[in-house]
Each structure stands twice: as structure tokens, then as C-alpha cells.
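Asker: Sharing a structure here in C-alpha cells format.
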Amino acid sequence: MKEEDRAVIFFDIGHTLAVGGEMSPRRLIGYRLGLSERDMKAVGKLIMTSSIETHEELSSLIEPFVRHLGSSTLGEIVKEIWEEQKYCVELLPGVEEIISTLSGRGYELGIISNIWHPFYEGIKEKAGTLWDHFRYVVLSYRVGVKKPEREIYRLARDQVKGGSYWMIGDTYEMDIAPAMVEGFKTVWFLIRPEREKETLARVLRRDIPPPHFAISDLRELIEDLRIF
Ligand SMILES: [Mg+2]
């Protein structure tokens with residue numbers, strides 16, 4: 001493939017390639033530690049944009065928000081959440097086949113994700129050597145910015161240089177809108193349409209631009225529609 005024909009396909013992780021526990025990490029932490037809605041939001045942003053790779057570091061980060069708990073109790077709860085996040089990861093059906101097929105068809109693959117370390121470790125472990133197909137990996141907790149900030153898409157593009165870029169994800173606000181502004185082609189994966197219903201209505205009314213493609217099953221990328 002010539003340099004200018006090269007296409008790089010970036011994927012979101014949560015609800016695109018994998019699912020985790022019932023609650024988002026910030027809700028889980030907030031619930032277990034009894035945080036207010038406001039502190040929960042603040043902690044949520046912190047955990048997704050701080051380069052924390054151990055549960056001890058996470059405890060220190062959260063400590064100012066939980067003065068009502070002793071530090072050893074805090075440490076234990078945080079360790080529990082951390083471990084749970086690693087083991088709750090499940091790859092979505094067809095993901096293995098999609099990664100290897102796209103790679104076999106000559107595409108380069110990447111990740112652009114709002115994520116924290118334990119969940120990322122969990123997905124890498126579940127995917128095994130298949131994960132090596134992802135050549136470009138842009139993670140919010142490593143780069144310090146998260147979607148929908150456009151900066152995270154620019155960082156991804158800067159890694160690649162040349163060719164065209166695709167972004168595939170389940171959330172219009174995070175994965176589609178900012179990516180389109182930064183020149184990515186987009187595939188909206190409607191895995192949870194009920195969560196996107198207002199946005200869907202706005203797209204149909206032409207209030208906001210449609211993605212380049214929409215799919216209801218990830219396999220449509222390589223079969224049926226055969227976008228790639
Ligand atoms: Mg997602």
C-alpha cells in the first residue's frame with residue numbers, strides 16, 4: 001500500500017470493543033466511597049486524565065475527597081475497585097475476528113479511548129497477542145486529555161502522518177463529532193441506541209452532521225456492508 005493510500009482505523013474501547021462492570025469507574029468509586037455527585041465528577045475526570053498505574057497512587061489521588069475514611073480503609077476499597085476493573089473486562093462478540101481481518105486486509109489499527117489503567121490492563125490481557133495489532137494507542141490517562149476534546153484526535157493524527165483516518169465508536173458526542181471536525185471519517189456503532197436517541201433525532205433532523213457510516217453490529221465493518 002502506498003503511503004498516501006494508507007488508512008488507519010481507530011477504535012474507541014468502552015462499548016465498542018469491550019464492556020466492563022455495570023457502573024462506570026467514576027460511579028463505582030463514588031458509590032463505594034460515598035462521594036457527592038460533584039466530587040464523583042471531579043474524581044472521574046482525574047482518574048481518566050492522570051497517569052496513574054498503581055492502586056496506591058490512586059488512593060493518594062482520591063484521599064483529599066474522602067476525609068471521612070481512614071487511609072487504610074480507603075486503601076482497601078480502592079485496591080478492590082482496581083482489581084475488579086481489571087477482571088470485569090469482556091470483549092464484545094466478533095472483536096477478535098474483526099481485528100485480525102482488518103489487519104489482514106492491510107489496514108493499520110489504533111485506539112483512541114477515555115480509559116484508566118486497570119481497565120486498559122484488563123482488555124490487553126483478554127485480547128492477548130491480538131492487541132499487538134493496535135499500532136497507535138492514544139489513551140486519555142496517558143496523554144492527559146479526554147474525548148470530546150479535539151486535542152486527543154490531533155494527538156492520534158500526529159502519530160500517524162499521511163493517509164486517511166477513521167474513527168469507530170458508540171458515542172456521537174465523544175467519538176463522532178470531534179473526530180469529524182479533525183478530518184476523520186467516522187463509523188457510529190449503535191450498540192446502545194437508547195443512549196443516543198436524542199442525538200439520533202438531531203442527526204435525522206439535520207441539526208448535526210451525520211457520520212460517514214452507521215452500524216448496529218461490529219461485524220458489518222468486514223461483512224455485509226464491508227466498509228473495509
Ligand atoms: Mg464508548
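Chain lettering (A, B, ...) mirrors the order of the C-alpha cells, residue numbering begins at 1 for each chain separately, and ligand numbering begins at 1 in order of display.
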Within 9 Å of stretch 13-26 of chain A, which residues of stretch 100-197 of chain A come that close, and what is the closest atom pair and distance in Å for each? Count only C-alpha atoms and give it as a tab-separated table.

Answerer:
residue	atom	partner	partner_atom	distance
A:Ile111	CA	A:Ile13	CA	7.3
A:Ile112	CA	A:Ile13	CA	7.6
A:Ser113	CA	A:Ile13	CA	5.8
A:Asn114	CA	A:Ile13	CA	8.0
A:Ile115	CA	A:Ile13	CA	8.1
A:Trp116	CA	A:Pro25	CA	8.6
A:Phe119	CA	A:Gly20	CA	7.9
A:Tyr120	CA	A:Ile13	CA	8.9
A:Ile123	CA	A:Ala18	CA	7.4
A:Ile168	CA	A:Thr16	CA	7.7
A:Gly169	CA	A:Thr16	CA	5.7
A:Asp170	CA	A:Thr16	CA	5.9
A:Thr171	CA	A:His15	CA	8.9
A:Phe189	CA	A:Thr16	CA	7.1
A:Ile191	CA	A:His15	CA	7.2
A:Arg192	CA	A:His15	CA	8.3

Asker: Can you list, as a PyMOL selection string, all residues belonging to stretch 13-210 of chain A that DSSP tags as alpha helix (DSSP H)?

Answerer: chain A and resi 25-33+37-49+55-62+71-87+95-104+117-127+140-143+150-160+177-181+197-204

Asker: Using only C-alpha atoms and all ligand atoms, find the one residue out of A:Leu102, A:Met174, A:Leu92, A:Ile227 that sits nearest to ligand 1.

Answerer: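 Counting only C-alpha atoms and all ligand atoms, the residue closest to ligand 1 is A:Met174.
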
Asker: Within 9 Å of A:Phe65, counting only C-alpha atoms, which residues qualify if same-chain residues fewer than 6 places away don't, as a PyMOL selection string?

Answerer: chain A and resi 35+39-40+43

Asker: Store the residues picked out above, limited to N, CA and C atoms, as a compact mmCIF listing (two decimals), in the first residue's frame.

Answerer:
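Output contents, as saved in part-v8.txt:
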# COMPACT_ATOMS: atom_id res chain seq x y z
N LEU A 35 -19.14 9.36 47.75
CA LEU A 35 -18.83 10.73 47.29
C LEU A 35 -20.09 11.45 46.82
N ASP A 39 -18.10 15.63 43.65
CA ASP A 39 -16.78 15.01 43.84
C ASP A 39 -16.59 13.82 42.92
N MET A 40 -17.69 13.10 42.69
CA MET A 40 -17.62 11.95 41.80
C MET A 40 -17.18 12.38 40.40
N VAL A 43 -13.47 13.38 40.54
CA VAL A 43 -12.63 12.18 40.61
C VAL A 43 -12.63 11.47 39.25

Asker: For stretch 210-213 of chain A, find every residue with an atom within 12 Å (counting only C-alpha atoms), except residues of its own chain fewer than 5 positions away, and show them as a ChimeraX atom specification.

Answerer: /A:166-173,175-181,183-190,199-205,218,220-221,225-228

Asker: Show which residues sit within 9 Å of A:Tyr136, as a PDB file with C-alpha atoms, in the first residue's frame. Count only C-alpha atoms, and ignore same-chain residues fewer than 4 positions away.

Answerer:
ATOM      1  CA  VAL A   8      -5.675   3.877   9.792  1.00  0.00           C
ATOM      2  CA  PHE A  10      -9.047   3.930  15.253  1.00  0.00           C
ATOM      3  CA  GLU A 108      -3.353  -0.147  10.358  1.00  0.00           C
ATOM      4  CA  LEU A 109      -5.231  -0.088  13.618  1.00  0.00           C
ATOM      5  CA  GLY A 110      -5.343   2.274  16.546  1.00  0.00           C
ATOM      6  CA  ILE A 111      -7.146   3.133  19.749  1.00  0.00           C
ATOM      7  CA  ILE A 112      -8.486   6.458  20.986  1.00  0.00           C
ATOM      8  CA  ALA A 156      -3.651  10.476  17.317  1.00  0.00           C
ATOM      9  CA  GLN A 159       1.337   9.803  15.424  1.00  0.00           C
ATOM     10  CA  VAL A 160       0.232   8.512  12.044  1.00  0.00           C
TER      11      VAL A 160
END

Asker: How many Å separate atom CA of A:Val143 from atom CA of A:Glu37?

Answerer: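 Separation of atom CA of A:Val143 and atom CA of A:Glu37: 25.5 Å.
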